[in-house]
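What's in run_34.csv: CSV, C-alpha atoms and all ligand atoms
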chain,number,residue,atom,x,y,z
Y,1,MET,CA,11.2,-31.9,13.0
Y,2,THR,CA,14.6,-30.3,12.9
Y,3,ALA,CA,14.9,-26.5,13.3
Y,4,THR,CA,17.1,-24.8,10.7
Y,5,PHE,CA,18.9,-21.6,11.3
Y,6,SER,CA,20.1,-19.2,8.6
Y,7,THR,CA,23.8,-18.6,8.8
Y,8,SER,CA,23.9,-16.0,6.0
Y,9,PRO,CA,25.4,-12.7,7.2
Y,10,PRO,CA,23.0,-9.9,7.7
Y,11,VAL,CA,22.8,-7.4,4.8
Y,12,PHE,CA,22.1,-3.8,5.7
Y,13,ILE,CA,19.8,-2.2,3.1
Y,14,ILE,CA,19.5,1.5,2.4
Y,15,THR,CA,16.7,2.5,0.0
Y,16,ILE,CA,16.8,5.9,-1.7
Y,17,ASP,CA,13.6,6.7,-3.6
Y,18,GLY,CA,12.4,9.9,-5.2
Y,19,PRO,CA,11.3,11.6,-8.4
Y,20,THR,CA,13.5,12.1,-11.4
Y,21,ALA,CA,16.6,14.3,-11.0
Y,22,SER,CA,16.1,14.6,-7.2
Y,23,GLY,CA,19.8,13.7,-6.9
Y,24,LYS,CA,19.1,10.2,-5.6
Y,25,GLY,CA,21.5,8.5,-8.1
Y,26,THR,CA,24.5,10.6,-7.1
Y,27,VAL,CA,23.7,10.5,-3.4
Y,28,ALA,CA,23.1,6.7,-3.5
Y,29,GLN,CA,26.4,6.0,-5.4
Y,30,ILE,CA,28.5,8.1,-3.0
Y,31,VAL,CA,26.9,6.5,0.1
Y,32,ALA,CA,27.5,3.0,-1.4
Y,33,ASP,CA,31.2,3.9,-2.0
Y,34,ARG,CA,31.7,5.3,1.5
Y,35,LEU,CA,30.2,2.2,3.1
Y,36,GLY,CA,31.7,-0.3,0.7
Y,37,PHE,CA,28.2,-1.5,-0.1
Y,38,HIS,CA,26.8,-2.8,-3.4
Y,39,TYR,CA,24.7,-0.3,-5.5
Y,40,LEU,CA,21.5,-0.9,-7.4
Y,41,ASP,CA,20.4,1.7,-9.9
Y,42,SER,CA,17.0,0.3,-10.6
Y,43,GLY,CA,16.1,3.1,-13.0
Y,44,ALA,CA,18.9,1.8,-15.3
Y,45,LEU,CA,17.0,-1.5,-15.6
Y,46,TYR,CA,13.8,0.3,-16.7
Y,47,ARG,CA,15.9,2.4,-19.1
Y,48,LEU,CA,17.5,-0.8,-20.5
Y,49,VAL,CA,14.0,-2.3,-21.1
Y,50,GLY,CA,13.0,1.0,-22.8
Y,51,LEU,CA,16.0,0.9,-25.0
Y,52,SER,CA,15.5,-2.7,-25.9
Y,53,ALA,CA,11.8,-2.1,-26.8
Y,54,MET,CA,12.9,0.8,-29.0
Y,55,ARG,CA,15.6,-1.1,-30.8
Y,56,THR,CA,13.4,-4.2,-31.3
Y,57,LYS,CA,10.5,-2.0,-32.3
Y,58,THR,CA,8.3,-3.7,-29.7
Y,59,ALA,CA,5.1,-1.8,-29.2
Y,60,ILE,CA,4.7,-0.5,-25.6
Y,61,GLU,CA,1.0,-1.6,-25.8
Y,62,ASP,CA,2.2,-5.2,-26.2
Y,63,GLU,CA,2.8,-5.7,-22.4
Y,64,ALA,CA,3.6,-9.4,-22.7
Y,65,ALA,CA,6.3,-8.8,-25.4
Y,66,VAL,CA,7.9,-5.9,-23.4
Y,67,ALA,CA,7.8,-8.1,-20.2
Y,68,GLY,CA,9.5,-10.8,-22.3
Y,69,LEU,CA,12.4,-8.4,-23.1
Y,70,ALA,CA,12.6,-7.6,-19.4
Y,71,MET,CA,12.8,-11.2,-18.4
Y,72,THR,CA,15.7,-12.0,-20.7
Y,73,LEU,CA,17.5,-8.7,-20.4
Y,74,PRO,CA,21.1,-9.5,-21.4
Y,75,CYS,CA,22.6,-6.8,-19.1
Y,76,ARG,CA,25.7,-6.6,-17.1
Y,77,PHE,CA,26.9,-4.0,-14.5
Y,78,GLU,CA,30.7,-3.6,-14.4
Y,79,GLY,CA,31.9,-0.9,-12.0
Y,80,ASP,CA,30.1,2.2,-13.2
Y,81,ARG,CA,29.6,0.8,-16.7
Y,82,ILE,CA,26.3,-0.8,-18.0
Y,83,PHE,CA,26.3,-3.3,-20.8
Y,84,LEU,CA,23.5,-4.5,-23.0
Y,85,ASP,CA,24.7,-7.6,-24.8
Y,86,GLU,CA,28.3,-6.6,-25.3
Y,87,GLU,CA,27.6,-2.9,-26.0
Y,88,ASP,CA,28.5,-0.3,-23.4
Y,89,VAL,CA,25.2,1.7,-23.1
Y,90,THR,CA,26.0,3.6,-20.0
Y,91,ASP,CA,25.6,7.0,-21.7
Y,92,THR,CA,23.1,5.9,-24.3
Y,93,ILE,CA,20.4,5.1,-21.7
Y,94,ARG,CA,20.8,8.6,-20.1
Y,95,ALA,CA,19.1,10.3,-23.1
Y,96,GLU,CA,15.9,12.0,-22.2
Y,97,GLU,CA,13.9,9.9,-24.8
Y,98,ILE,CA,15.1,6.7,-23.1
Y,99,GLY,CA,14.0,8.1,-19.7
Y,100,ILE,CA,10.5,8.7,-21.2
Y,101,MET,CA,10.5,5.1,-22.6
Y,102,ALA,CA,11.6,3.8,-19.2
Y,103,SER,CA,8.7,5.6,-17.5
Y,104,ARG,CA,6.3,4.1,-20.0
Y,105,VAL,CA,7.5,0.5,-19.7
Y,106,GLY,CA,7.7,1.0,-15.9
Y,107,ALA,CA,3.9,1.5,-15.9
Y,108,LEU,CA,3.4,-2.0,-17.1
Y,109,PRO,CA,2.8,-4.5,-14.2
Y,110,ALA,CA,4.2,-7.5,-16.1
Y,111,VAL,CA,7.5,-5.6,-16.6
Y,112,ARG,CA,7.8,-4.7,-12.9
Y,113,GLN,CA,7.1,-8.3,-12.1
Y,114,ALA,CA,9.7,-9.5,-14.6
Y,115,LEU,CA,12.4,-7.2,-13.0
Y,116,PHE,CA,11.6,-8.2,-9.4
Y,117,SER,CA,14.1,-11.0,-8.8
Y,118,LEU,CA,16.8,-9.3,-10.9
Y,119,GLN,CA,16.6,-6.5,-8.3
Y,120,THR,CA,16.4,-8.6,-5.2
Y,121,GLY,CA,19.5,-10.4,-6.4
Y,122,PHE,CA,21.5,-7.3,-5.7
Y,123,LYS,CA,21.0,-7.9,-1.9
Y,124,ARG,CA,24.4,-9.2,-0.9
Y,125,PRO,CA,26.7,-8.7,2.1
Y,126,PRO,CA,27.9,-6.4,3.5
Y,127,GLY,CA,25.1,-4.1,2.3
Y,128,LEU,CA,23.2,-2.5,-0.5
Y,129,VAL,CA,22.2,1.0,-1.4
Y,130,ALA,CA,19.2,0.8,-3.9
Y,131,ASP,CA,17.8,3.8,-5.7
Y,132,GLY,CA,14.6,4.1,-7.6
Y,133,ARG,CA,10.9,4.7,-7.1
Y,134,ASP,CA,9.7,1.6,-5.2
Y,135,MET,CA,12.8,0.3,-3.4
Y,136,GLY,CA,11.5,1.0,0.1
Y,137,THR,CA,7.8,0.2,-0.7
Y,138,VAL,CA,7.9,-2.9,-2.9
Y,139,ILE,CA,11.4,-4.4,-3.6
Y,140,PHE,CA,13.1,-4.1,-0.2
Y,141,PRO,CA,10.3,-3.4,2.3
Y,142,GLU,CA,12.6,-4.9,5.0
Y,143,ALA,CA,15.2,-2.2,4.5
Y,144,GLN,CA,16.7,-0.9,7.7
Y,145,LEU,CA,16.9,2.7,6.4
Y,146,LYS,CA,14.6,4.2,3.9
Y,147,VAL,CA,15.1,7.7,2.4
Y,148,PHE,CA,12.8,9.7,0.2
Y,149,LEU,CA,14.6,12.5,-1.7
Y,150,THR,CA,12.6,15.4,-3.1
Y,151,ALA,CA,13.4,18.7,-4.8
Y,152,SER,CA,11.3,21.4,-6.5
Y,153,VAL,CA,10.5,20.8,-10.2
Y,154,ASP,CA,12.7,23.9,-11.1
Y,155,ALA,CA,15.7,22.6,-9.2
Y,156,ARG,CA,15.3,19.2,-10.8
Y,157,ALA,CA,14.9,20.6,-14.3
Y,158,GLU,CA,18.1,22.6,-13.8
Y,159,ARG,CA,20.1,19.6,-12.6
Y,160,ARG,CA,18.8,17.4,-15.4
Y,161,TYR,CA,19.7,20.2,-17.9
Y,162,LYS,CA,23.3,20.3,-16.6
Y,163,GLN,CA,23.6,16.5,-16.6
Y,164,LEU,CA,22.4,16.3,-20.2
Y,165,ILE,CA,24.6,19.1,-21.5
Y,166,GLU,CA,27.7,17.6,-19.8
Y,167,LYS,CA,27.0,14.3,-21.5
Y,168,GLY,CA,26.7,16.1,-24.9
Y,169,PHE,CA,22.9,15.6,-25.3
Y,170,PRO,CA,20.8,18.5,-26.6
Y,171,ALA,CA,18.5,20.0,-24.0
Y,172,LYS,CA,16.0,22.8,-23.5
Y,173,ILE,CA,15.0,23.7,-19.9
Y,174,SER,CA,11.4,24.4,-20.7
Y,175,ASP,CA,11.0,21.0,-22.4
Y,176,LEU,CA,12.7,19.3,-19.5
Y,177,ARG,CA,10.4,21.0,-17.0
Y,178,GLN,CA,7.4,19.7,-19.0
Y,179,ASP,CA,9.0,16.1,-19.3
Y,180,LEU,CA,9.6,16.0,-15.6
Y,181,PHE,CA,6.1,17.1,-14.8
Y,182,GLU,CA,4.6,14.4,-17.1
Y,183,ARG,CA,7.0,11.7,-15.8
Y,184,ASP,CA,6.1,12.6,-12.2
Y,185,GLN,CA,2.4,12.4,-13.1
Y,186,ARG,CA,2.9,8.9,-14.7
Y,187,ASP,CA,5.2,7.7,-11.9
Y,188,THR,CA,2.9,8.8,-9.1
Y,189,SER,CA,-0.5,7.8,-10.7
Y,190,ARG,CA,0.3,4.3,-12.0
Y,191,SER,CA,-1.6,1.4,-10.5
Y,192,VAL,CA,1.4,-0.7,-9.6
Y,193,ALA,CA,4.2,0.5,-7.3
Y,194,PRO,CA,3.5,4.2,-7.7
Y,195,LEU,CA,6.2,6.7,-6.6
Y,196,ALA,CA,5.5,7.4,-3.0
Y,197,PRO,CA,7.5,7.5,0.2
Y,198,ALA,CA,7.3,4.3,2.4
Y,199,ALA,CA,5.4,4.9,5.6
Y,200,ASP,CA,8.7,4.6,7.5
Y,201,ALA,CA,10.8,6.6,5.1
Y,202,LYS,CA,12.8,9.7,6.1
Y,203,THR,CA,12.2,12.6,3.7
Y,204,LEU,CA,15.0,14.8,2.6
Y,205,ASP,CA,14.3,17.9,0.5
Y,206,THR,CA,17.4,18.7,-1.6
Y,207,THR,CA,16.2,21.9,-3.3
Y,208,ASN,CA,18.6,23.9,-1.3
Y,209,LEU,CA,21.1,21.2,-0.4
Y,210,GLY,CA,24.4,20.4,-2.0
Y,211,ILE,CA,25.3,16.7,-2.7
Y,212,ASN,CA,27.8,16.6,0.2
Y,213,GLU,CA,25.1,17.8,2.7
Y,214,ALA,CA,22.6,15.2,1.4
Y,215,VAL,CA,25.2,12.4,1.6
Y,216,SER,CA,26.2,13.5,5.2
Y,217,GLN,CA,22.5,13.4,6.3
Y,218,VAL,CA,22.0,9.9,4.9
Y,219,LEU,CA,25.3,8.7,6.5
Y,220,ASP,CA,24.2,10.2,9.9
Y,221,TRP,CA,20.9,8.3,9.6
Y,222,TYR,CA,22.8,5.2,8.8
Y,223,VAL,CA,25.1,5.6,11.8
Y,224,ALA,CA,22.1,6.0,14.0
Y,225,LYS,CA,20.6,2.8,12.7
Y,226,LYS,CA,23.5,0.5,12.2
Y,227,PRO,CA,24.1,-2.3,14.7
Y,228,ASN,CA,27.4,-2.4,16.7
Y,229,GLY,CA,28.8,1.0,17.4
Y,230,ASN,CA,28.0,4.4,16.1
Y,231,ALA,CA,30.9,5.9,14.2
Y,232,LEU,CA,31.9,5.7,10.6
Y,233,MET,CA,35.5,5.1,9.6
Y,234,PRO,CA,37.1,8.4,8.3
Z,301,LIG,O1,15.7,6.9,-12.0
Z,301,LIG,P1,15.5,7.1,-13.5
Z,301,LIG,O2,15.2,8.5,-13.9
Z,301,LIG,O3,16.7,6.5,-14.2
Z,301,LIG,O4,14.3,6.2,-13.9
Z,301,LIG,C1,13.8,6.2,-15.2
Z,301,LIG,C2,12.3,5.8,-15.2
Z,301,LIG,O5,12.2,4.5,-14.8
Z,301,LIG,C3,11.5,6.6,-14.1
Z,301,LIG,O6,10.9,7.8,-14.7
Z,301,LIG,C4,10.4,5.6,-13.7
Z,301,LIG,O7,9.3,5.7,-14.5
Z,301,LIG,C5,11.1,4.3,-14.0
Z,301,LIG,N1,11.4,3.6,-12.7
Z,301,LIG,C6,10.5,2.9,-12.0
Z,301,LIG,N2,10.8,2.2,-10.9
Z,301,LIG,C7,12.1,2.3,-10.4
Z,301,LIG,C8,13.1,3.0,-11.1
Z,301,LIG,C9,12.7,3.7,-12.2
Z,301,LIG,O8,9.4,2.8,-12.5
Z,301,LIG,N3,12.4,1.6,-9.3

Output the file's structure in the form of structure tokens.
Ligand code: C5P
Amino acid sequence: MTATFSTSPPVFIITIDGPTASGKGTVAQIVADRLGFHYLDSGALYRLVGLSAMRTKTAIEDEAAVAGLAMTLPCRFEGDRIFLDEEDVTDTIRAEEIGIMASRVGALPAVRQALFSLQTGFKRPPGLVADGRDMGTVIFPEAQLKVFLTASVDARAERRYKQLIEKGFPAKISDLRQDLFERDQRDTSRSVAPLAPAADAKTLDTTNLGINEAVSQVLDWYVAKKPNGNALMP
């Protein structure tokens, strides 16, 4: 028998999981930019499935049909823009109602299964920063650095409010607090891949932290873990 050795270069994976509006998307994107790594916004995939289900009037109760949409999702990521078919839906999928749809389709095991290989396909050299709910627990359990970002419901509702207003969506802080609460409940209590820190994750509470401080902490953890040397380029 001949032994075969893999020659593919190692890929450093950083997973950043956490509840809605904990700041993980912003932190993950900046960390990926700083390191020259690829970036996976897994929530966007669930949002795209939610949007497709809404547009095709597919009932959420029809798990096989929604999974079918996920399996053939005609999406494309180009820089910071996200396309569904040829339409730029980057801003459309950020609407609160699409977030709620995403959380509902994300509770369906067949949908999570359908999105599995699409997500693992983002693992490419030199590295990947993946943000979501189950990046460190289910999709990339082999990740070298796992971070779990949290923040109080009030801090998250305020952040989400600012994001929505900036994007021109209507928003009411009391409704957002309620939505976040319900979404947290659904995300943490579902039977498949519930929102939870991986056993080997480092938790970072961003309630009183600015984005730069959160990014610095993640980069410090990366420097401590990365092979060959211990300093980042300025
Ligand atoms: O992160 P974001 O708020 O864009 O995610 C939208 C919804 O998609 C979440 O509330 C969650 O229910 C679902 N999701 C998930 N697993 C992921 C990422 C997002 O179930 N890895």

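Distances from Y:Lys167, Y:Arg94, Y:Lys225, Y:Arg133 to Y:Lys24 were compared using all atoms listed in the file, and the smallest one belongs to Y:Arg133.
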
May I have a table of the residues of chain Y lying at most 6 Å from ligand LIG 301 (chain Z), giving each one's closest pair of atoms and their distance in Å to one decimal, counting all atoms listed in the file, ordered by chain and ascending residue number, as a tab-separated table?
residue	atom	partner	partner_atom	distance
Y:Thr20	CA	Z:LIG301	O2	4.7
Y:Ser42	CA	Z:LIG301	C8	4.8
Y:Gly43	CA	Z:LIG301	C9	3.5
Y:Ala44	CA	Z:LIG301	O3	5.3
Y:Tyr46	CA	Z:LIG301	O5	4.9
Y:Arg47	CA	Z:LIG301	C1	5.8
Y:Gly99	CA	Z:LIG301	C1	4.9
Y:Ala102	CA	Z:LIG301	O5	4.5
Y:Ser103	CA	Z:LIG301	O7	3.1
Y:Gly106	CA	Z:LIG301	O8	4.2
Y:Gly132	CA	Z:LIG301	N3	3.7
Y:Arg133	CA	Z:LIG301	N3	4.1
Y:Asp134	CA	Z:LIG301	N3	4.9
Y:Arg183	CA	Z:LIG301	O6	5.6
Y:Asp187	CA	Z:LIG301	O7	5.3

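Coordinates place atom CA of Y:Ala155 at a distance of 18.6 Å from atom CA of Y:Pro170.
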
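One finds atom CA of Y:Ile14 at 10.4 Å from atom CA of Y:Ala201.
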
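Across the structure, atom CA of Y:Ala67 and atom CA of Y:Val111 are spaced 4.4 Å apart.
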
Polymer residues at most 10 Å from (8.8, 3.1, -7.7) by all atoms listed in the file, as a short mmCIF file (atom, residue, chain, number, x, y, z; two decimals) with C-alpha atoms, keeping the file's coordinate frame:
data_model
loop_
_atom_site.label_atom_id
_atom_site.label_comp_id
_atom_site.auth_asym_id
_atom_site.auth_seq_id
_atom_site.Cartn_x
_atom_site.Cartn_y
_atom_site.Cartn_z
CA ASP Y 17 13.60 6.70 -3.60
CA GLY Y 18 12.40 9.90 -5.20
CA PRO Y 19 11.30 11.60 -8.40
CA SER Y 42 17.00 0.30 -10.60
CA GLY Y 43 16.10 3.10 -13.00
CA GLY Y 106 7.70 1.00 -15.90
CA ALA Y 107 3.90 1.50 -15.90
CA ARG Y 112 7.80 -4.70 -12.90
CA ASP Y 131 17.80 3.80 -5.70
CA GLY Y 132 14.60 4.10 -7.60
CA ARG Y 133 10.90 4.70 -7.10
CA ASP Y 134 9.70 1.60 -5.20
CA MET Y 135 12.80 0.30 -3.40
CA GLY Y 136 11.50 1.00 0.10
CA THR Y 137 7.80 0.20 -0.70
CA VAL Y 138 7.90 -2.90 -2.90
CA ILE Y 139 11.40 -4.40 -3.60
CA ASP Y 187 5.20 7.70 -11.90
CA THR Y 188 2.90 8.80 -9.10
CA ARG Y 190 0.30 4.30 -12.00
CA VAL Y 192 1.40 -0.70 -9.60
CA ALA Y 193 4.20 0.50 -7.30
CA PRO Y 194 3.50 4.20 -7.70
CA LEU Y 195 6.20 6.70 -6.60
CA ALA Y 196 5.50 7.40 -3.00
CA PRO Y 197 7.50 7.50 0.20
#

>> From the options Y:Gln144, Y:Ser22, Y:Thr206, Y:Thr58, which residue's atoms come nearest to Y:Ala157, counting only C-alpha atoms?
In response: Y:Ser22

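Between Y:Thr72 and the residues Y:Phe122, Y:Ser52, Y:Ile30, Y:Ile165, the shortest atom-to-atom distance, using all atoms listed in the file, involves Y:Ser52.
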
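Among the candidates Y:Tyr39, Y:Thr56, Y:Glu97, Y:Val218, the one nearest to Y:Pro126 when counting all atoms listed in the file is Y:Tyr39.
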
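Here the question is which of Y:Ala70, Y:Phe12, Y:Gly168, Y:Arg159 gets nearest to Y:Ser117 using all atoms listed in the file, and that residue is Y:Ala70.
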
>> Counting only C-alpha atoms, find residues at most 9 Å from (11.7, 1.8, 9.6) (file frame) and give them as a ChimeraX atom specification.
In response: /Y:142-146,198-202

Can you tell me which residues surround Y:Asp175 at a distance of at most 12 Å, considering only C-alpha atoms, apart from same-chain residues fewer than 6 positions away, and format the answer as a compact mmCIF listing (two decimals) with C-alpha atoms, keeping the file's coordinate frame?
# COMPACT_ATOMS: atom_id res chain seq x y z
CA GLU Y 96 15.90 12.00 -22.20
CA GLU Y 97 13.90 9.90 -24.80
CA ASP Y 154 12.70 23.90 -11.10
CA ALA Y 157 14.90 20.60 -14.30
CA GLU Y 158 18.10 22.60 -13.80
CA ARG Y 160 18.80 17.40 -15.40
CA TYR Y 161 19.70 20.20 -17.90
CA PHE Y 181 6.10 17.10 -14.80
CA GLU Y 182 4.60 14.40 -17.10

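Distance check against Y:Arg34 using only C-alpha atoms: of Y:Gly79, Y:Gly50, Y:Gly127, Y:Pro10, the minimum falls on Y:Gly127.
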